[in-house]
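So the structure is just underneath, and the comments pick up after that.
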Amino acid sequence: MRRLPLRRLVTLATLAALGAATLGSTAACGDDSEGAGGGSGPVTLRLGYFPNITHAPAVVGVEKGIFAEKLGADVRLDPKTFNAGPAAIEAVFSGALDATYIGPNPTVNAFSKSKGEAVRVVSGAASGGVALVVKPGINGPQDLKGKKVATPQLGNTQDVAVRYWLKQQGLTTTKEGGGDVKIVPQENAQTVETFTSGAIDAAWVPEPFVSRLVNAGGKVLVDERDLWPDKKFVITNLLVSTKFLKAHPDVVQKLVDGQVAANEFVNTKPDEAQQAISDAIGKITGKPLDLKLIKQAWPTLEFTNDPIPTSLKAGLDHAVEVKLTEPVDLKGLYDLTYLNKALKAQGKPEVVQP
């Protein structure tokens with residue numbers, strides 16, 4: 001056999017390496033466009049949600065296999081849990097998440113920061129489930145003067161709500177914790193302990209923490225539902241990355257089909273849904289959520305596919321009024337065509353596109 005010169009062998013080896021690199025690059029591009037499944041395999045949908053009651057449709061949809069069934073064999077569901085909205089939005093921005101269940105304030109922040117480019121709301125999920133719980137001696141807003149009120153996070157949805165409500169009552173607050181009423185942002189998990197120890201006097205929080213504080217000796221002074229038209233306001237909606245939406249509109253349709261089916265399950269089989277939530281939270285956190293607590297909190301929530309856009313806009317206006325954010329043009333935030341297609345297929349009333 002004729003031996004090739006060393007220089008020729010080196011050239012061939014280099015060309016082979018370049019060819020492999022080109023193929024690798026092409027494969028990587030396929031992975032990016034198709035999710036973790038790759039260009040020739042199933043599309044991967046990375047779905048975020050919080051392990052709590054206000055995200056019940058997501059928790060139940062994952063736990064009972066509703067999303068997996070609707071997505072079908074061509075889509076691999078990769079669920080990821082979060083404890084706070086900013087972390088979930090950061091995951092969307094970084095490309096680690098394709099869609100997420102999330103509250104209204106992080107929704108607005110994501111839309112604003114990306115100049116209306118990065119995200120779209122494709123469905124609602126839940127309304128209600130928020131209240132101001134106070135010590136027994138507090139009987140009205142003026143009794144809160146000089147008191148400490150906890151919220152989950154500075155500038156979050158509940159933080160905006162309590163500051164706006166206090167302003168309506170003629171009471172002042174500051175970002176730094178000053179004013180007539182001292183706002184103390186803290187993790188919800190801390191709130192029961194600080195409430196019972198006397199470190200705080202009240203808290204404006206979502207379920208199940210409302211029920212936990214009531215069980216710890218508090219009382220509901222304000223049920224936030226009473227502050228909204230028809231007692232409806234968005235607490236959770238379904239957000240999708242615009243990039244994923246453009247690349248895989250068919251997958252987004254299946255996801256929304258799953259959301260509608262999950263809400264149907266939650267509303268028609270509440271006992272089974274509550275047990276699924278308890279079990280799922282146990283698997284995620286290592287400790288099941290007390291079923292009695294879930295049942296106690298359940299009546300304060302409405303699980304609806306309507307994202308109630310008017311309440312999100314009003315919440316933004318409230319945040320602007322208490323100087324926690326700047327005005328944001330929300331035009332283009334909602335794309336409810338997928339939701340209305342799913343609702344129409346089920347013979348349900350369609351939702352008005354804002």
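Residue numbering restarts at 1 for every chain of the structure tokens, chains are lettered A, B, ... in their displayed order, and ligands are numbered from 1 as they appear.
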Non-local contacts of Ala319 of chain A (6 Å; only C-alpha atoms; under 4 positions in same chain excluded) as a short mmCIF file (atom, residue, chain, number, x, y, z; two decimals) with all heavy atoms, in the first residue's frame:
data_model
loop_
_atom_site.label_atom_id
_atom_site.label_comp_id
_atom_site.auth_asym_id
_atom_site.auth_seq_id
_atom_site.Cartn_x
_atom_site.Cartn_y
_atom_site.Cartn_z
N VAL A 160 -47.64 45.78 46.42
CA VAL A 160 -48.31 46.89 45.74
C VAL A 160 -49.73 47.04 46.27
O VAL A 160 -50.19 48.15 46.56
CB VAL A 160 -48.34 46.66 44.21
CG1 VAL A 160 -49.28 47.65 43.53
CG2 VAL A 160 -46.94 46.76 43.62
N LEU A 324 -43.79 52.61 42.89
CA LEU A 324 -42.96 51.41 42.88
C LEU A 324 -42.54 51.01 41.47
O LEU A 324 -41.72 50.11 41.28
CB LEU A 324 -43.68 50.24 43.55
CG LEU A 324 -43.78 50.31 45.07
CD1 LEU A 324 -44.57 49.11 45.60
CD2 LEU A 324 -42.40 50.35 45.72
N THR A 325 -43.11 51.67 40.46
CA THR A 325 -42.73 51.39 39.09
C THR A 325 -43.09 52.57 38.20
O THR A 325 -43.79 53.49 38.63
CB THR A 325 -43.42 50.10 38.56
OG1 THR A 325 -42.85 49.73 37.32
CG2 THR A 325 -44.92 50.32 38.36
#
Discussion item. I'd like the neighbourhood of Asp317 of chain A as JSON, numbers by chain, where a residue qualifies if any of its atoms comes within 10 Å (using only C-alpha atoms), though same-chain residues fewer than 6 positions away should be ignored.
Written reply: {"A": [160, 164, 311, 323, 325, 326, 327, 328]}
May I have the selected residues written with N, CA, C and O atoms, as a tab-separated table (two decimals), in the first residue's frame?
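What landed in selection-v2.tsv:
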chain	number	residue	atom	x	y	z
A	160	VAL	N	-47.64	45.78	46.42
A	160	VAL	CA	-48.31	46.89	45.74
A	160	VAL	C	-49.73	47.04	46.27
A	160	VAL	O	-50.19	48.15	46.56
A	164	TYR	N	-51.14	50.43	48.12
A	164	TYR	CA	-52.20	51.19	47.46
A	164	TYR	C	-53.43	51.29	48.36
A	164	TYR	O	-54.03	52.37	48.50
A	311	SER	N	-57.62	43.66	35.48
A	311	SER	CA	-57.06	43.70	36.84
A	311	SER	C	-55.54	43.83	36.80
A	311	SER	O	-54.95	44.49	37.66
A	323	LYS	N	-45.58	54.71	43.52
A	323	LYS	CA	-44.19	55.00	43.13
A	323	LYS	C	-43.26	53.78	43.24
A	323	LYS	O	-42.10	53.90	43.61
A	325	THR	N	-43.11	51.67	40.46
A	325	THR	CA	-42.73	51.39	39.09
A	325	THR	C	-43.09	52.57	38.20
A	325	THR	O	-43.79	53.49	38.63
A	326	GLU	N	-42.61	52.53	36.97
A	326	GLU	CA	-42.94	53.55	35.97
A	326	GLU	C	-44.07	53.01	35.09
A	326	GLU	O	-44.28	51.81	35.00
A	327	PRO	N	-44.80	53.90	34.42
A	327	PRO	CA	-45.86	53.43	33.51
A	327	PRO	C	-45.31	52.51	32.42
A	327	PRO	O	-44.17	52.68	31.97
A	328	VAL	N	-46.11	51.52	32.04
A	328	VAL	CA	-45.71	50.56	31.01
A	328	VAL	C	-46.83	50.44	29.99
A	328	VAL	O	-48.00	50.32	30.36
Fill in: strand (DSSP E) per DSSP on the backbone: members of segment 188-344 of chain A, as number ranges by chain
A: 202-206, 219-223, 234-241, 301-302
Export of the given selection (N, CA, C and O atoms) as a short mmCIF file (atom, residue, chain, number, x, y, z; two decimals), in the first residue's frame:
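Saved file selection.cif follows:
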data_model
loop_
_atom_site.label_atom_id
_atom_site.label_comp_id
_atom_site.auth_asym_id
_atom_site.auth_seq_id
_atom_site.Cartn_x
_atom_site.Cartn_y
_atom_site.Cartn_z
N ALA A 202 -49.37 42.30 61.18
CA ALA A 202 -50.30 41.95 60.11
C ALA A 202 -49.51 41.50 58.88
O ALA A 202 -48.29 41.69 58.81
N ALA A 203 -50.21 40.92 57.92
CA ALA A 203 -49.55 40.50 56.67
C ALA A 203 -50.57 40.45 55.54
O ALA A 203 -51.70 39.99 55.73
N TRP A 204 -50.16 40.98 54.38
CA TRP A 204 -50.98 40.91 53.16
C TRP A 204 -50.33 39.81 52.31
O TRP A 204 -49.28 40.02 51.70
N VAL A 205 -50.94 38.63 52.30
CA VAL A 205 -50.29 37.44 51.72
C VAL A 205 -51.29 36.59 50.94
O VAL A 205 -52.50 36.71 51.12
N PRO A 206 -50.78 35.70 50.07
CA PRO A 206 -51.64 34.76 49.36
C PRO A 206 -51.86 33.49 50.19
O PRO A 206 -51.17 33.26 51.18
N LYS A 219 -56.93 37.32 62.20
CA LYS A 219 -58.25 37.43 61.59
C LYS A 219 -58.13 38.21 60.29
O LYS A 219 -57.22 39.04 60.13
N VAL A 220 -59.00 37.92 59.34
CA VAL A 220 -58.98 38.61 58.05
C VAL A 220 -59.64 39.98 58.19
O VAL A 220 -60.82 40.07 58.54
N LEU A 221 -58.86 41.03 57.94
CA LEU A 221 -59.40 42.39 57.95
C LEU A 221 -59.87 42.79 56.56
O LEU A 221 -60.90 43.44 56.40
N VAL A 222 -59.10 42.38 55.54
CA VAL A 222 -59.46 42.70 54.15
C VAL A 222 -59.31 41.45 53.30
O VAL A 222 -58.21 40.88 53.22
N ASP A 223 -60.38 40.99 52.68
CA ASP A 223 -60.33 39.97 51.65
C ASP A 223 -60.17 40.72 50.34
O ASP A 223 -61.06 41.51 49.96
N VAL A 234 -56.58 38.81 38.80
CA VAL A 234 -55.62 37.76 38.45
C VAL A 234 -54.59 37.59 39.56
O VAL A 234 -54.02 38.55 40.06
N ILE A 235 -54.38 36.34 39.95
CA ILE A 235 -53.29 36.01 40.87
C ILE A 235 -52.25 35.14 40.16
O ILE A 235 -51.06 35.18 40.47
N THR A 236 -52.69 34.38 39.15
CA THR A 236 -51.77 33.54 38.38
C THR A 236 -52.21 33.51 36.92
O THR A 236 -53.40 33.31 36.63
N ASN A 237 -51.25 33.72 35.99
CA ASN A 237 -51.54 33.51 34.57
C ASN A 237 -50.43 32.68 33.94
O ASN A 237 -49.42 32.39 34.58
N LEU A 238 -50.64 32.28 32.70
CA LEU A 238 -49.68 31.43 31.99
C LEU A 238 -48.95 32.27 30.95
O LEU A 238 -49.56 32.84 30.04
N LEU A 239 -47.63 32.32 31.11
CA LEU A 239 -46.75 33.15 30.29
C LEU A 239 -45.89 32.25 29.41
O LEU A 239 -45.41 31.22 29.87
N VAL A 240 -45.70 32.65 28.16
CA VAL A 240 -44.88 31.86 27.23
C VAL A 240 -43.80 32.74 26.63
O VAL A 240 -44.03 33.92 26.33
N SER A 241 -42.61 32.19 26.47
CA SER A 241 -41.53 32.89 25.78
C SER A 241 -41.94 33.14 24.33
O SER A 241 -42.40 32.23 23.64
N LEU A 301 -60.38 30.94 46.36
CA LEU A 301 -59.78 30.97 45.02
C LEU A 301 -60.80 30.60 43.95
O LEU A 301 -61.70 29.78 44.18
N GLU A 302 -60.64 31.19 42.77
CA GLU A 302 -61.42 30.80 41.60
C GLU A 302 -60.42 30.42 40.51
O GLU A 302 -59.54 31.21 40.18
#
Worksheet item: Using only C-alpha atoms, which residues sit within 8 Å of segment 185-188 of chain A once same-chain residues fewer than 6 positions away are excluded, as a list in words?
Response: Ala150, Thr151, Pro152, Gln153, Leu154, Asp159, Val205 and Phe209 of chain A
Keeping C-alpha atoms for every residue in the selection just given, could you write it to a file as a short mmCIF file (atom, residue, chain, number, x, y, z; two decimals), in the first residue's frame?
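Result went into out.cif, see below:
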data_model
loop_
_atom_site.label_atom_id
_atom_site.label_comp_id
_atom_site.auth_asym_id
_atom_site.auth_seq_id
_atom_site.Cartn_x
_atom_site.Cartn_y
_atom_site.Cartn_z
CA ALA A 150 -45.44 41.92 56.18
CA THR A 151 -45.56 41.37 52.41
CA PRO A 152 -43.82 38.64 50.36
CA GLN A 153 -41.37 40.96 48.56
CA LEU A 154 -40.77 44.66 47.93
CA ASP A 159 -46.76 44.56 48.32
CA VAL A 205 -50.29 37.44 51.72
CA PHE A 209 -50.46 31.65 54.28
#
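When the distance limit is 7 Å and only C-alpha atoms are what count, the residues near segment 66-77 of chain A, minus those fewer than 3 positions from it on the same chain, are Pro42, Val43, Thr44, Leu45, Arg46, Gly61, Val62, Val251, Lys254, Leu255, Asp257, Gly258 and Ala262 of chain A.
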Create the file for the chosen residues now, containing N, CA and C atoms and written as a PDB file, in the first residue's frame.
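Saved the output as part22.pdb:
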ATOM      1  N   PRO A  42     -38.216  14.489  19.923  1.00  0.00           N
ATOM      2  CA  PRO A  42     -39.353  15.272  20.428  1.00  0.00           C
ATOM      3  C   PRO A  42     -38.928  16.680  20.848  1.00  0.00           C
ATOM      4  N   VAL A  43     -39.824  17.618  20.701  1.00  0.00           N
ATOM      5  CA  VAL A  43     -39.607  18.962  21.221  1.00  0.00           C
ATOM      6  C   VAL A  43     -39.721  18.901  22.743  1.00  0.00           C
ATOM      7  N   THR A  44     -38.854  19.604  23.442  1.00  0.00           N
ATOM      8  CA  THR A  44     -38.936  19.671  24.895  1.00  0.00           C
ATOM      9  C   THR A  44     -39.582  20.991  25.307  1.00  0.00           C
ATOM     10  N   LEU A  45     -40.588  20.900  26.150  1.00  0.00           N
ATOM     11  CA  LEU A  45     -41.247  22.082  26.720  1.00  0.00           C
ATOM     12  C   LEU A  45     -40.870  22.184  28.187  1.00  0.00           C
ATOM     13  N   ARG A  46     -40.104  23.212  28.526  1.00  0.00           N
ATOM     14  CA  ARG A  46     -39.684  23.435  29.916  1.00  0.00           C
ATOM     15  C   ARG A  46     -40.680  24.385  30.565  1.00  0.00           C
ATOM     16  N   GLY A  61     -52.045  19.665  36.785  1.00  0.00           N
ATOM     17  CA  GLY A  61     -51.778  19.291  35.392  1.00  0.00           C
ATOM     18  C   GLY A  61     -50.553  18.425  35.244  1.00  0.00           C
ATOM     19  N   VAL A  62     -49.528  18.711  36.031  1.00  0.00           N
ATOM     20  CA  VAL A  62     -48.301  17.898  36.014  1.00  0.00           C
ATOM     21  C   VAL A  62     -48.526  16.588  36.767  1.00  0.00           C
ATOM     22  N   VAL A 251     -47.105  23.486  19.773  1.00  0.00           N
ATOM     23  CA  VAL A 251     -46.855  23.017  21.141  1.00  0.00           C
ATOM     24  C   VAL A 251     -47.545  23.936  22.144  1.00  0.00           C
ATOM     25  N   LYS A 254     -51.120  23.023  22.370  1.00  0.00           N
ATOM     26  CA  LYS A 254     -51.317  21.826  23.196  1.00  0.00           C
ATOM     27  C   LYS A 254     -51.170  22.142  24.683  1.00  0.00           C
ATOM     28  N   LEU A 255     -50.235  23.041  24.998  1.00  0.00           N
ATOM     29  CA  LEU A 255     -50.054  23.455  26.398  1.00  0.00           C
ATOM     30  C   LEU A 255     -51.311  24.150  26.912  1.00  0.00           C
ATOM     31  N   ASP A 257     -54.314  23.825  25.692  1.00  0.00           N
ATOM     32  CA  ASP A 257     -55.332  22.764  25.788  1.00  0.00           C
ATOM     33  C   ASP A 257     -55.207  22.058  27.138  1.00  0.00           C
ATOM     34  N   GLY A 258     -53.961  21.828  27.557  1.00  0.00           N
ATOM     35  CA  GLY A 258     -53.707  21.189  28.846  1.00  0.00           C
ATOM     36  C   GLY A 258     -54.146  22.064  30.005  1.00  0.00           C
ATOM     37  N   ALA A 262     -56.792  21.033  32.715  1.00  0.00           N
ATOM     38  CA  ALA A 262     -56.405  21.007  34.130  1.00  0.00           C
ATOM     39  C   ALA A 262     -57.391  21.818  34.965  1.00  0.00           C
TER      40      ALA A 262
END
Discussion item. What's around Leu97 of chain A at 10 Å? Count only C-alpha atoms, leave out sequence neighbours fewer than 2 positions away in its own chain, and write the answer as a PyMOL selection string.
Written reply: chain A and resi 35+45-48+78-80+88-95+99-100+240-241+244
For the residues selected in the previous step, produce a file with all heavy atoms as a tab-separated table (two decimals), in the first residue's frame.
chain	number	residue	atom	x	y	z
A	35	GLY	N	-35.47	22.64	21.51
A	35	GLY	CA	-35.43	22.34	22.94
A	35	GLY	C	-34.44	21.24	23.19
A	35	GLY	O	-33.65	20.85	22.32
A	45	LEU	N	-40.59	20.90	26.15
A	45	LEU	CA	-41.25	22.08	26.72
A	45	LEU	C	-40.87	22.18	28.19
A	45	LEU	O	-41.23	21.33	29.00
A	45	LEU	CB	-42.76	21.97	26.59
A	45	LEU	CG	-43.57	23.05	27.34
A	45	LEU	CD1	-43.29	24.43	26.76
A	45	LEU	CD2	-45.06	22.74	27.30
A	46	ARG	N	-40.10	23.21	28.53
A	46	ARG	CA	-39.68	23.44	29.92
A	46	ARG	C	-40.68	24.39	30.56
A	46	ARG	O	-40.73	25.56	30.24
A	46	ARG	CB	-38.26	23.99	29.94
A	46	ARG	CG	-37.24	23.01	29.35
A	46	ARG	CD	-35.96	23.67	28.91
A	46	ARG	NE	-36.21	24.66	27.87
A	46	ARG	CZ	-35.26	25.40	27.31
A	46	ARG	NH1	-34.00	25.24	27.68
A	46	ARG	NH2	-35.55	26.28	26.39
A	47	LEU	N	-41.48	23.83	31.47
A	47	LEU	CA	-42.61	24.55	32.06
A	47	LEU	C	-42.35	24.85	33.54
A	47	LEU	O	-42.12	23.95	34.33
A	47	LEU	CB	-43.89	23.71	31.92
A	47	LEU	CG	-45.16	24.30	32.55
A	47	LEU	CD1	-45.58	25.58	31.84
A	47	LEU	CD2	-46.29	23.27	32.51
A	48	GLY	N	-42.43	26.13	33.91
A	48	GLY	CA	-42.23	26.53	35.29
A	48	GLY	C	-43.54	26.72	36.03
A	48	GLY	O	-44.57	27.07	35.43
A	78	ASP	N	-40.84	19.01	30.54
A	78	ASP	CA	-39.77	19.13	31.55
A	78	ASP	C	-40.21	20.18	32.58
A	78	ASP	O	-39.93	21.37	32.44
A	78	ASP	CB	-38.46	19.56	30.87
A	78	ASP	CG	-37.30	19.68	31.86
A	78	ASP	OD1	-37.45	19.21	33.02
A	78	ASP	OD2	-36.25	20.24	31.48
A	79	PRO	N	-40.96	19.74	33.63
A	79	PRO	CA	-41.46	20.70	34.62
A	79	PRO	C	-40.37	21.16	35.57
A	79	PRO	O	-39.51	20.38	35.98
A	79	PRO	CB	-42.54	19.91	35.35
A	79	PRO	CG	-42.16	18.48	35.19
A	79	PRO	CD	-41.40	18.37	33.90
A	80	LYS	N	-40.40	22.44	35.92
A	80	LYS	CA	-39.41	23.02	36.85
A	80	LYS	C	-40.17	23.88	37.85
A	80	LYS	O	-41.04	24.66	37.47
A	80	LYS	CB	-38.40	23.87	36.09
A	80	LYS	CG	-37.60	23.11	35.04
A	80	LYS	CD	-36.68	24.04	34.26
A	80	LYS	CE	-35.95	23.31	33.13
A	80	LYS	NZ	-34.94	22.37	33.65
A	88	ALA	N	-38.22	32.84	38.15
A	88	ALA	CA	-38.84	32.21	36.98
A	88	ALA	C	-38.65	33.07	35.73
A	88	ALA	O	-38.34	32.57	34.65
A	88	ALA	CB	-40.32	31.97	37.24
A	89	ILE	N	-38.82	34.38	35.89
A	89	ILE	CA	-38.63	35.29	34.75
A	89	ILE	C	-37.18	35.29	34.29
A	89	ILE	O	-36.90	35.30	33.08
A	89	ILE	CB	-39.08	36.72	35.13
A	89	ILE	CG1	-40.59	36.77	35.31
A	89	ILE	CG2	-38.62	37.72	34.08
A	89	ILE	CD1	-41.39	36.37	34.09
A	90	GLU	N	-36.25	35.25	35.22
A	90	GLU	CA	-34.83	35.18	34.86
A	90	GLU	C	-34.55	33.92	34.05
A	90	GLU	O	-33.76	33.94	33.09
A	90	GLU	CB	-33.96	35.21	36.12
A	90	GLU	CG	-32.47	35.33	35.83
A	90	GLU	CD	-32.10	36.54	35.00
A	90	GLU	OE1	-32.67	37.63	35.23
A	90	GLU	OE2	-31.25	36.40	34.09
A	91	ALA	N	-35.21	32.82	34.42
A	91	ALA	CA	-35.04	31.56	33.68
A	91	ALA	C	-35.60	31.68	32.27
A	91	ALA	O	-35.03	31.13	31.32
A	91	ALA	CB	-35.73	30.42	34.43
A	92	VAL	N	-36.70	32.40	32.10
A	92	VAL	CA	-37.25	32.65	30.76
A	92	VAL	C	-36.27	33.49	29.95
A	92	VAL	O	-35.97	33.17	28.78
A	92	VAL	CB	-38.62	33.35	30.85
A	92	VAL	CG1	-39.10	33.77	29.45
A	92	VAL	CG2	-39.66	32.46	31.50
A	93	PHE	N	-35.76	34.56	30.55
A	93	PHE	CA	-34.83	35.45	29.85
A	93	PHE	C	-33.54	34.73	29.44
A	93	PHE	O	-32.96	35.01	28.40
A	93	PHE	CB	-34.48	36.65	30.73
A	93	PHE	CG	-35.54	37.72	30.76
A	93	PHE	CD1	-35.43	38.80	31.61
A	93	PHE	CD2	-36.65	37.66	29.93
A	93	PHE	CE1	-36.40	39.80	31.65
A	93	PHE	CE2	-37.62	38.65	29.95
A	93	PHE	CZ	-37.50	39.72	30.80
A	94	SER	N	-33.07	33.81	30.29
A	94	SER	CA	-31.81	33.12	30.01
A	94	SER	C	-31.99	31.97	29.02
A	94	SER	O	-31.00	31.37	28.59
A	94	SER	CB	-31.21	32.57	31.31
A	94	SER	OG	-31.98	31.48	31.81
A	95	GLY	N	-33.23	31.64	28.69
A	95	GLY	CA	-33.49	30.54	27.77
A	95	GLY	C	-33.61	29.20	28.45
A	95	GLY	O	-33.69	28.16	27.79
A	99	ALA	N	-41.98	28.39	29.21
A	99	ALA	CA	-43.28	28.89	29.66
A	99	ALA	C	-43.33	28.78	31.18
A	99	ALA	O	-42.64	27.95	31.77
A	99	ALA	CB	-44.42	28.09	29.04
A	100	THR	N	-44.15	29.62	31.81
A	100	THR	CA	-44.26	29.53	33.26
A	100	THR	C	-45.60	30.09	33.74
A	100	THR	O	-46.15	31.02	33.16
A	100	THR	CB	-43.11	30.28	33.96
A	100	THR	OG1	-43.15	29.99	35.36
A	100	THR	CG2	-43.19	31.77	33.76
A	240	VAL	N	-45.70	32.65	28.16
A	240	VAL	CA	-44.88	31.86	27.23
A	240	VAL	C	-43.80	32.74	26.63
A	240	VAL	O	-44.03	33.92	26.33
A	240	VAL	CB	-45.76	31.26	26.11
A	240	VAL	CG1	-44.90	30.56	25.06
A	240	VAL	CG2	-46.76	30.28	26.67
A	241	SER	N	-42.61	32.19	26.47
A	241	SER	CA	-41.53	32.89	25.78
A	241	SER	C	-41.94	33.14	24.33
A	241	SER	O	-42.40	32.23	23.64
A	241	SER	CB	-40.27	32.02	25.82
A	241	SER	OG	-39.41	32.31	24.75
A	244	PHE	N	-40.17	30.84	21.90
A	244	PHE	CA	-40.73	29.49	21.82
A	244	PHE	C	-42.08	29.51	21.10
A	244	PHE	O	-42.38	28.61	20.31
A	244	PHE	CB	-40.90	28.90	23.22
A	244	PHE	CG	-41.28	27.45	23.24
A	244	PHE	CD1	-40.30	26.46	23.17
A	244	PHE	CD2	-42.61	27.06	23.30
A	244	PHE	CE1	-40.65	25.12	23.17
A	244	PHE	CE2	-42.97	25.72	23.29
A	244	PHE	CZ	-41.98	24.75	23.23
Discussion item. Which residues are near segment 112-129 of chain A? Cut-off 8 Å, only C-alpha atoms, ignore same chain within fewer than 2 positions. Put them as JSON, numbers by chain.
Written reply: {"A": [54, 55, 57, 93, 101, 108, 109, 110, 131, 206, 207, 224, 225, 231, 232, 233, 234, 235, 236, 237, 238, 239, 240, 241, 242, 243, 256, 259, 263, 297, 300, 301, 302, 303, 304, 305, 306, 307, 308, 328, 329, 330, 331, 332, 333, 334, 335, 336, 337, 338, 339]}
Practice prompt. List the neighbours of Phe50 of chain A out to 7 Å using only C-alpha atoms; skip same-chain residues closer than 4 positions along the sequence, and give me the result as a count of residues only.
Written response: 4
Worksheet item: Out of A:Tyr49, A:Leu291, A:His318, A:Thr196, which residue has the shortest atom-to-atom distance to Trp165 of chain A when counting only C-alpha atoms?
Response: A:His318
Discussion item. Here is a test: counting only C-alpha atoms, which residue of A:Leu289, A:Val352, A:Val59, A:Leu166 is nearest to Gly140 of chain A?
Written reply: A:Leu166
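Checking A:Leu227, A:Val60, A:Leu312, A:Ile53 one by one against Val266 of chain A, counting only C-alpha atoms, you find the shortest gap at A:Val60.
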Discussion item. If you run DSSP on the backbone here, which positions in segment 97-262 of chain A get alpha helix (DSSP H)? Please write them as JSON, numbers by chain.
Written reply: {"A": [104, 105, 106, 107, 108, 109, 110, 111, 112, 113, 157, 158, 159, 160, 161, 162, 163, 164, 165, 166, 167, 168, 188, 189, 190, 191, 192, 193, 194, 195, 196, 197, 209, 210, 211, 212, 213, 214, 215, 242, 243, 244, 245, 246, 247, 249, 250, 251, 252, 253, 254, 255, 256, 257, 258, 259, 260, 261, 262]}
Fill in: Which residue of A:Asp98, A:Ala87, A:Val351, A:Gly177 approaches Lys246 of chain A most closely, using only C-alpha atoms
A:Asp98
